[in-house]
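Visitor: Please see the structure below; I have some questions.
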Amino acid sequence: MAVASCRKPSAMEFFVLNEDRGEDGLYRYEMDFSDSLATYDVYIYSRIDELGSTLLEREDIPMAAYWTAPDGEVYKDTFYFPVRDAKRGFFSSEYKMLYREGITPIQRGKWSLHIDVAQGEQMPVLRGLGIAYKTNKD
C-alpha cells in the first residue's frame with residue numbers, strides 16, 4: 001500500500017556549481033517562506049579543492065547576500081565564510097555554516113537570494129555554493 005502526502009518538505013537544498021553562476025558571477029536561489037507559522041534556518045555549504053594545510057593560512061571569504069522580497073524590495077547582508085572551519089580531507093575540504101537562524105520574514109512568500117563571493121588570487125576557489133533551509137514550527 002502506498003501513501004501519498006501533499007505536505008511540503010520541512011527542508012530544501014540547492015547547489016549551484018561555480019560554472020553555473022549567473023553572467024554577473026552571482027549564485028542565485030529561490031526560497032519559499034510562505035508558512036506564516038514558521039521560522040527558518042538557512043545554511044550555506046561548499047567544497048574547496050585545496051590542500052588543507054594551505055587553507056589554514058587563508059583568510060575567511062567575504063560574501064554579500066542580496067535578498068529580494070516578494071514585493072521586489074532588496075536587502076543586503078555582508079558576512080564572512082569561515083575557511084578554517086572545515087571537515088578536511090587531504091585535498092578537499094567540506095563546509096557547512098549556519099548563516100541565519102530563526103528567520104521570521106517580514107513578508108511571506110517566495111524570496112530570491114543572490115550571493116556574491118569575493119574573487120581573487122588570495123581567495124580559495126569554491127567548487128560551487130549551496131543553500132539549505134529548514135522550516136521550524138513550534
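By order of appearance in the C-alpha cells: chains A, B, ..., then residues from 1 within every chain, and ligands from 1 in the order shown.
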Quick one: residues within 10 Å of Tyr27 in chain A, only C-alpha atoms, excluding same-chain residues fewer than 5 positions away - as a list in words?
Guide: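 In the requested format, the answer is Phe15, Val16, Leu17, Asn18, Glu19, Asp20, Arg21, Gly22, Ala65, Leu113, His114, Ile115, Asp116, Val117, Gly128, Leu129, Gly130 and Ile131 of chain A.
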Visitor: Take the residues from that selection and write them out as a PDB file, in the first residue's frame, keeping N, CA, C and O atoms.
Guide:
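What ended up in part.pdb:
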ATOM      1  N   PHE A  15      22.150  23.506  -4.845  1.00  0.00           N
ATOM      2  CA  PHE A  15      23.584  23.692  -5.041  1.00  0.00           C
ATOM      3  C   PHE A  15      23.817  24.235  -6.446  1.00  0.00           C
ATOM      4  O   PHE A  15      23.270  23.723  -7.419  1.00  0.00           O
ATOM      5  N   VAL A  16      24.636  25.284  -6.543  1.00  0.00           N
ATOM      6  CA  VAL A  16      24.977  25.884  -7.830  1.00  0.00           C
ATOM      7  C   VAL A  16      26.485  25.704  -8.031  1.00  0.00           C
ATOM      8  O   VAL A  16      27.283  26.173  -7.211  1.00  0.00           O
ATOM      9  N   LEU A  17      26.846  25.025  -9.109  1.00  0.00           N
ATOM     10  CA  LEU A  17      28.256  24.856  -9.427  1.00  0.00           C
ATOM     11  C   LEU A  17      28.869  26.201  -9.805  1.00  0.00           C
ATOM     12  O   LEU A  17      28.170  27.094 -10.302  1.00  0.00           O
ATOM     13  N   ASN A  18      30.150  26.327  -9.584  1.00  0.00           N
ATOM     14  CA  ASN A  18      30.865  27.561  -9.895  1.00  0.00           C
ATOM     15  C   ASN A  18      30.598  28.012 -11.336  1.00  0.00           C
ATOM     16  O   ASN A  18      30.331  29.180 -11.602  1.00  0.00           O
ATOM     17  N   GLU A  19      30.645  27.065 -12.272  1.00  0.00           N
ATOM     18  CA  GLU A  19      30.449  27.418 -13.683  1.00  0.00           C
ATOM     19  C   GLU A  19      28.992  27.712 -14.042  1.00  0.00           C
ATOM     20  O   GLU A  19      28.711  28.207 -15.134  1.00  0.00           O
ATOM     21  N   ASP A  20      28.058  27.438 -13.137  1.00  0.00           N
ATOM     22  CA  ASP A  20      26.641  27.690 -13.400  1.00  0.00           C
ATOM     23  C   ASP A  20      26.136  28.991 -12.776  1.00  0.00           C
ATOM     24  O   ASP A  20      24.929  29.259 -12.773  1.00  0.00           O
ATOM     25  N   ARG A  21      27.043  29.812 -12.237  1.00  0.00           N
ATOM     26  CA  ARG A  21      26.641  31.120 -11.708  1.00  0.00           C
ATOM     27  C   ARG A  21      26.065  31.960 -12.838  1.00  0.00           C
ATOM     28  O   ARG A  21      26.294  31.683 -14.010  1.00  0.00           O
ATOM     29  N   GLY A  22      25.375  33.030 -12.470  1.00  0.00           N
ATOM     30  CA  GLY A  22      24.849  33.947 -13.476  1.00  0.00           C
ATOM     31  C   GLY A  22      25.976  34.655 -14.203  1.00  0.00           C
ATOM     32  O   GLY A  22      27.135  34.625 -13.778  1.00  0.00           O
ATOM     33  N   ALA A  65      25.109  38.969   0.490  1.00  0.00           N
ATOM     34  CA  ALA A  65      23.832  38.334   0.172  1.00  0.00           C
ATOM     35  C   ALA A  65      22.826  39.424  -0.169  1.00  0.00           C
ATOM     36  O   ALA A  65      22.688  40.405   0.572  1.00  0.00           O
ATOM     37  N   LEU A 113      17.467  34.886  -3.358  1.00  0.00           N
ATOM     38  CA  LEU A 113      18.731  35.148  -2.692  1.00  0.00           C
ATOM     39  C   LEU A 113      19.830  35.060  -3.740  1.00  0.00           C
ATOM     40  O   LEU A 113      19.939  34.055  -4.443  1.00  0.00           O
ATOM     41  N   HIS A 114      20.610  36.133  -3.869  1.00  0.00           N
ATOM     42  CA  HIS A 114      21.760  36.147  -4.768  1.00  0.00           C
ATOM     43  C   HIS A 114      22.992  36.391  -3.908  1.00  0.00           C
ATOM     44  O   HIS A 114      22.998  37.323  -3.092  1.00  0.00           O
ATOM     45  N   ILE A 115      23.994  35.545  -4.073  1.00  0.00           N
ATOM     46  CA  ILE A 115      25.205  35.667  -3.256  1.00  0.00           C
ATOM     47  C   ILE A 115      26.397  35.997  -4.144  1.00  0.00           C
ATOM     48  O   ILE A 115      26.653  35.330  -5.148  1.00  0.00           O
ATOM     49  N   ASP A 116      27.106  37.047  -3.736  1.00  0.00           N
ATOM     50  CA  ASP A 116      28.318  37.489  -4.419  1.00  0.00           C
ATOM     51  C   ASP A 116      29.502  37.058  -3.552  1.00  0.00           C
ATOM     52  O   ASP A 116      29.591  37.429  -2.380  1.00  0.00           O
ATOM     53  N   VAL A 117      30.397  36.273  -4.139  1.00  0.00           N
ATOM     54  CA  VAL A 117      31.563  35.757  -3.430  1.00  0.00           C
ATOM     55  C   VAL A 117      32.792  36.518  -3.902  1.00  0.00           C
ATOM     56  O   VAL A 117      33.016  36.659  -5.106  1.00  0.00           O
ATOM     57  N   GLY A 128      31.528  25.286  -5.802  1.00  0.00           N
ATOM     58  CA  GLY A 128      30.175  25.795  -6.005  1.00  0.00           C
ATOM     59  C   GLY A 128      29.684  26.284  -4.658  1.00  0.00           C
ATOM     60  O   GLY A 128      30.443  26.315  -3.688  1.00  0.00           O
ATOM     61  N   LEU A 129      28.423  26.678  -4.607  1.00  0.00           N
ATOM     62  CA  LEU A 129      27.873  27.165  -3.347  1.00  0.00           C
ATOM     63  C   LEU A 129      26.449  26.638  -3.207  1.00  0.00           C
ATOM     64  O   LEU A 129      25.652  26.724  -4.147  1.00  0.00           O
ATOM     65  N   GLY A 130      26.160  26.088  -2.042  1.00  0.00           N
ATOM     66  CA  GLY A 130      24.839  25.529  -1.790  1.00  0.00           C
ATOM     67  C   GLY A 130      24.121  26.258  -0.679  1.00  0.00           C
ATOM     68  O   GLY A 130      24.747  26.853   0.203  1.00  0.00           O
ATOM     69  N   ILE A 131      22.805  26.215  -0.750  1.00  0.00           N
ATOM     70  CA  ILE A 131      21.930  26.788   0.268  1.00  0.00           C
ATOM     71  C   ILE A 131      21.001  25.663   0.736  1.00  0.00           C
ATOM     72  O   ILE A 131      20.458  24.922  -0.088  1.00  0.00           O
TER      73      ILE A 131
END
Visitor: Quick check for you: according to DSSP on this backbone, which residues of range 3-128 of chain A are classed as helix (DSSP H, G or I)? Reply as an MDAnalysis selection string.
Guide: chainID A and resid 18:20 52:55
Visitor: Store the residues of this selection in a file with all heavy atoms, as a PDB file, in the first residue's frame.
Guide:
ATOM      1  N   ASN A  18      30.150  26.327  -9.584  1.00  0.00           N
ATOM      2  CA  ASN A  18      30.865  27.561  -9.895  1.00  0.00           C
ATOM      3  C   ASN A  18      30.598  28.012 -11.336  1.00  0.00           C
ATOM      4  O   ASN A  18      30.331  29.180 -11.602  1.00  0.00           O
ATOM      5  CB  ASN A  18      32.360  27.350  -9.650  1.00  0.00           C
ATOM      6  CG  ASN A  18      33.105  28.638  -9.461  1.00  0.00           C
ATOM      7  OD1 ASN A  18      32.530  29.689  -9.274  1.00  0.00           O
ATOM      8  ND2 ASN A  18      34.408  28.547  -9.521  1.00  0.00           N
ATOM      9  N   GLU A  19      30.645  27.065 -12.272  1.00  0.00           N
ATOM     10  CA  GLU A  19      30.449  27.418 -13.683  1.00  0.00           C
ATOM     11  C   GLU A  19      28.992  27.712 -14.042  1.00  0.00           C
ATOM     12  O   GLU A  19      28.711  28.207 -15.134  1.00  0.00           O
ATOM     13  CB  GLU A  19      31.018  26.331 -14.611  1.00  0.00           C
ATOM     14  CG  GLU A  19      30.421  24.969 -14.424  1.00  0.00           C
ATOM     15  CD  GLU A  19      31.213  24.090 -13.445  1.00  0.00           C
ATOM     16  OE1 GLU A  19      32.035  24.609 -12.665  1.00  0.00           O
ATOM     17  OE2 GLU A  19      30.978  22.883 -13.477  1.00  0.00           O
ATOM     18  N   ASP A  20      28.058  27.438 -13.137  1.00  0.00           N
ATOM     19  CA  ASP A  20      26.641  27.690 -13.400  1.00  0.00           C
ATOM     20  C   ASP A  20      26.136  28.991 -12.776  1.00  0.00           C
ATOM     21  O   ASP A  20      24.929  29.259 -12.773  1.00  0.00           O
ATOM     22  CB  ASP A  20      25.791  26.521 -12.897  1.00  0.00           C
ATOM     23  CG  ASP A  20      26.040  25.258 -13.697  1.00  0.00           C
ATOM     24  OD1 ASP A  20      26.453  25.368 -14.874  1.00  0.00           O
ATOM     25  OD2 ASP A  20      25.833  24.165 -13.148  1.00  0.00           O
ATOM     26  N   GLY A  52      44.580  21.055   2.707  1.00  0.00           N
ATOM     27  CA  GLY A  52      44.098  21.533   3.994  1.00  0.00           C
ATOM     28  C   GLY A  52      45.095  22.427   4.711  1.00  0.00           C
ATOM     29  O   GLY A  52      44.730  23.419   5.326  1.00  0.00           O
ATOM     30  N   SER A  53      46.374  22.105   4.614  1.00  0.00           N
ATOM     31  CA  SER A  53      47.389  22.922   5.284  1.00  0.00           C
ATOM     32  C   SER A  53      47.471  24.313   4.670  1.00  0.00           C
ATOM     33  O   SER A  53      47.716  25.297   5.360  1.00  0.00           O
ATOM     34  CB  SER A  53      48.752  22.238   5.223  1.00  0.00           C
ATOM     35  OG  SER A  53      49.128  22.021   3.873  1.00  0.00           O
ATOM     36  N   THR A  54      47.226  24.432   3.377  1.00  0.00           N
ATOM     37  CA  THR A  54      47.224  25.733   2.705  1.00  0.00           C
ATOM     38  C   THR A  54      46.013  26.546   3.138  1.00  0.00           C
ATOM     39  O   THR A  54      46.100  27.762   3.342  1.00  0.00           O
ATOM     40  CB  THR A  54      47.220  25.545   1.175  1.00  0.00           C
ATOM     41  OG1 THR A  54      48.314  24.720   0.800  1.00  0.00           O
ATOM     42  CG2 THR A  54      47.319  26.875   0.460  1.00  0.00           C
ATOM     43  N   LEU A  55      44.871  25.886   3.290  1.00  0.00           N
ATOM     44  CA  LEU A  55      43.645  26.585   3.697  1.00  0.00           C
ATOM     45  C   LEU A  55      43.765  27.209   5.079  1.00  0.00           C
ATOM     46  O   LEU A  55      43.162  28.238   5.361  1.00  0.00           O
ATOM     47  CB  LEU A  55      42.444  25.642   3.659  1.00  0.00           C
ATOM     48  CG  LEU A  55      41.890  25.347   2.276  1.00  0.00           C
ATOM     49  CD1 LEU A  55      40.811  24.276   2.362  1.00  0.00           C
ATOM     50  CD2 LEU A  55      41.345  26.599   1.635  1.00  0.00           C
TER      51      LEU A  55
END
Visitor: Which residues come within 7 Å of range 98-105 of chain A, counting only C-alpha atoms, excluding same-chain residues fewer than 3 positions away, as a list in words?
Guide: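 With the cut-off at 7 Å, the set is Thr39, Tyr40, Asp41, Val42, Tyr43, Ile44 and Arg108 of chain A.
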Visitor: Just the residues within 12 Å of Gly72 in chain A, please, counting only C-alpha atoms, with nothing from its chain fewer than 6 positions along; format it as a compact mmCIF listing (two decimals) with all heavy atoms, in the first residue's frame.
Guide:
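Output below, filename part-v9.txt:
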# COMPACT_ATOMS: atom_id res chain seq x y z
N TYR A 66 22.15 39.26 -1.29
CA TYR A 66 21.10 40.19 -1.72
C TYR A 66 19.77 39.43 -1.67
O TYR A 66 19.54 38.54 -2.48
CB TYR A 66 21.38 40.71 -3.13
CG TYR A 66 22.68 41.46 -3.23
CD1 TYR A 66 23.86 40.81 -3.56
CD2 TYR A 66 22.73 42.82 -2.96
CE1 TYR A 66 25.06 41.50 -3.63
CE2 TYR A 66 23.93 43.52 -3.03
CZ TYR A 66 25.08 42.84 -3.36
OH TYR A 66 26.28 43.52 -3.43
N GLN A 107 7.95 39.58 5.04
CA GLN A 107 6.89 39.28 4.08
C GLN A 107 6.92 37.78 3.82
O GLN A 107 7.97 37.20 3.65
CB GLN A 107 7.13 39.98 2.74
CG GLN A 107 7.03 41.47 2.78
CD GLN A 107 7.36 42.05 1.42
OE1 GLN A 107 7.07 41.46 0.38
NE2 GLN A 107 8.01 43.20 1.43
N GLY A 109 6.16 34.52 1.48
CA GLY A 109 6.11 34.23 0.05
C GLY A 109 7.46 33.77 -0.45
O GLY A 109 8.32 33.34 0.31
N LYS A 110 7.66 33.90 -1.76
CA LYS A 110 8.90 33.44 -2.40
C LYS A 110 9.92 34.56 -2.41
O LYS A 110 9.67 35.66 -2.90
CB LYS A 110 8.60 32.96 -3.80
CG LYS A 110 7.64 31.80 -3.75
CD LYS A 110 7.80 30.85 -4.85
CE LYS A 110 6.82 29.72 -4.54
NZ LYS A 110 6.66 28.74 -5.45
N TRP A 111 11.08 34.26 -1.86
CA TRP A 111 12.21 35.19 -1.79
C TRP A 111 13.30 34.72 -2.72
O TRP A 111 13.50 33.52 -2.91
CB TRP A 111 12.75 35.23 -0.37
CG TRP A 111 11.93 36.00 0.60
CD1 TRP A 111 10.70 35.66 1.09
CD2 TRP A 111 12.27 37.24 1.21
NE1 TRP A 111 10.26 36.62 1.97
CE2 TRP A 111 11.21 37.60 2.06
CE3 TRP A 111 13.37 38.08 1.12
CZ2 TRP A 111 11.22 38.76 2.81
CZ3 TRP A 111 13.39 39.23 1.88
CH2 TRP A 111 12.31 39.57 2.71
N SER A 112 14.04 35.66 -3.28
CA SER A 112 15.23 35.35 -4.07
C SER A 112 16.45 35.71 -3.24
O SER A 112 16.45 36.71 -2.54
CB SER A 112 15.27 36.18 -5.36
OG SER A 112 14.20 35.85 -6.18
N LEU A 113 17.47 34.89 -3.36
CA LEU A 113 18.73 35.15 -2.69
C LEU A 113 19.83 35.06 -3.74
O LEU A 113 19.94 34.06 -4.44
CB LEU A 113 18.98 34.13 -1.57
CG LEU A 113 20.35 34.17 -0.91
CD1 LEU A 113 20.62 35.52 -0.25
CD2 LEU A 113 20.48 33.04 0.10
Visitor: Once DSSP has gone over the backbone, tell me which residues of range 8-117 of chain A are in strand (DSSP E), as JSON, numbers by chain.
Guide: {"A": [11, 12, 13, 14, 15, 16, 17, 27, 28, 29, 30, 31, 32, 33, 38, 39, 40, 41, 42, 43, 44, 45, 46, 47, 48, 61, 62, 63, 64, 65, 66, 67, 68, 74, 75, 76, 77, 78, 79, 80, 81, 87, 88, 93, 94, 95, 96, 97, 98, 99, 100, 101, 102, 103, 109, 110, 111, 112, 113, 114, 115, 116, 117]}
